[in-house]
Amino acid sequence: MQETTEKTAHKIVSKKFILTSIIVLLIIPLCLLMGVTLWEDRRYNILSLIIVIFACVPFLISFERKKPMPREILIIAVMSAIAVAGRAAFVWAPAFKPVTAIVAITGFAFGPAAGFLTGASTAVASNVLFGQGPWTPFQMFTWGLLGYIAGIVGRSGWMNHKIPLILYGFFSGILFSLIMDIWTVISYESAFTWRRYFVAMGTSLPFTAMYALSNIFFLLLLARPIGEKLTRIKIKYGISE
């Protein structure tokens with residue numbers, strides 16, 4: 001009986017991971033492409049809503065386990081609120097933010113789907129303070145993708161050590177800048193050119209370096225205390241990835 005239950009749970013988790021991967025790596029990028037080409041970034045609010053809806057889809061599979069989801073959603077809402085507060089607290093330092101670290105820590109603890117949803121919701125919620133615009137869907141995708149990657153590498157247990165945290169912080173700072181530079185180029189004249197992209201990469205190097213350092217700093221500072229609390233909550237309430 002127990003073996004059958006474990007197989008069923010594993011099957012559901014695998015289904016969630018496959019579905020999340022398709023959404024993150026295929027469907028949402030196609031939505032961004034549609035927003036840039038067909039809508040010319042004029043309907044970014046609709047596009048942001050579409051991304052949030054897709055980000056929530058993997059959690060709907062949890063109903064198959066006949067367990068309520070409010071605890072999972074509440075934790076993501078709290079982590080997203082902490083990330084928003086962290087972004088607002090460091091408004092005076094544009095390239096020095098704890099957002100990626102908090103999103104990543106959520107992904108480490110609860111998996112790719114939770115990491116992506118936390119990142120995406122943090123972007124759209126914090127931009128209520130910082131200003132919504134055509135950049136919002138790109139920020140949602142980028143922070144969501146970083147949370148998704150954190151959820152994958154978090155399964156290995158490597159993120160309990162300093163060196164992997166440093167490497168992830170450095171990698172996430174570079175990836176954030178690389179993806180957002182795509183929007184920067186498109187915003188110039190609604191078209192992408194490699195020449196403009198390389199120029200944008202060059203001009204954003206100081207921001208990229210500072211953001212990577214801030215990711216490393218906040219991960220080393222927050223990963224253990226917040227991660228331990230999330231792990232206790234996960235065990236106490238039987239919340240799976």
# chains A, B, ... in the order shown; residues from 1 in each chain; ligands from 1

call {"tool": "residues_around", "arguments": {"residues": "stretch 122-126 of chain A", "least_positions_apart": "6", "cutoff": "6 Å", "atoms": "only C-alpha atoms", "output": "PyMOL selection string"}}
result
chain A and resi 80+84+139-140

call {"tool": "write_last_selection", "arguments": {"atoms": "C-alpha atoms", "output": "short mmCIF file (atom, residue, chain, number, x, y, z; two decimals), in the first residue's frame"}}
result
data_model
loop_
_atom_site.label_atom_id
_atom_site.label_comp_id
_atom_site.auth_asym_id
_atom_site.auth_seq_id
_atom_site.Cartn_x
_atom_site.Cartn_y
_atom_site.Cartn_z
CA SER A 80 7.05 37.02 -2.46
CA VAL A 84 8.99 42.88 -2.54
CA GLN A 139 11.27 40.66 -15.21
CA MET A 140 8.59 38.13 -14.32
#

call {"tool": "residues_around", "arguments": {"residues": "A:Ser187", "least_positions_apart": "3", "cutoff": "12 Å", "atoms": "only C-alpha atoms", "output": "JSON, numbers by chain"}}
result
{"A": [36, 37, 40, 41, 42, 133, 134, 135, 138, 180, 181, 182, 183, 184, 190, 191, 192, 193, 196, 197, 200]}

call {"tool": "closest_atom_pairs", "arguments": {"of": "stretch 59-119 of chain A", "to": "stretch 161-170 of chain A", "cutoff": "10 Å", "atoms": "only C-alpha atoms", "output": "tab-separated table"}}
result
residue	atom	partner	partner_atom	distance
A:Thr100	CA	A:Gly169	CA	8.3
A:Ala101	CA	A:Gly169	CA	7.6
A:Ala104	CA	A:Tyr168	CA	9.1

call {"tool": "select_by_dssp", "arguments": {"residues": "stretch 6-171 of chain A", "states": "alpha helix (DSSP H)", "output": "PyMOL selection string"}}
result
chain A and resi 6-22+28-37+44-60+70-89+99-110+112-130+135-154+162-171

call {"tool": "atom_distance", "arguments": {"atom1": "atom CA of A:Gly35", "atom2": "atom CA of A:Thr208"}}
result
25.6 Å

call {"tool": "residues_around", "arguments": {"residues": "stretch 175-177 of chain A", "least_positions_apart": "5", "cutoff": "8 Å", "atoms": "only C-alpha atoms", "output": "list in words"}}
result
Thr142, Trp143, Leu146, Met201, Ser204 and Thr208 of chain A

call {"tool": "write_last_selection", "arguments": {"atoms": "C-alpha atoms", "output": "compact mmCIF listing (two decimals), in the first residue's frame"}}
result
# COMPACT_ATOMS: atom_id res chain seq x y z
CA THR A 142 13.68 36.27 -15.59
CA TRP A 143 13.14 36.11 -11.83
CA LEU A 146 16.04 31.91 -11.68
CA MET A 201 25.83 43.90 -22.57
CA SER A 204 25.44 46.95 -18.35
CA THR A 208 25.78 42.95 -13.80

call {"tool": "residues_around", "arguments": {"residues": "A:Ile76", "least_positions_apart": "3", "cutoff": "10 Å", "atoms": "only C-alpha atoms", "output": "JSON, numbers by chain"}}
result
{"A": [70, 71, 72, 73, 79, 80, 81, 82, 103, 106, 107, 110, 114, 115, 117, 118, 119, 121, 122]}

call {"tool": "atom_distance", "arguments": {"atom1": "atom CA of A:Tyr148", "atom2": "atom CA of A:Ala85"}}
result
21.1 Å
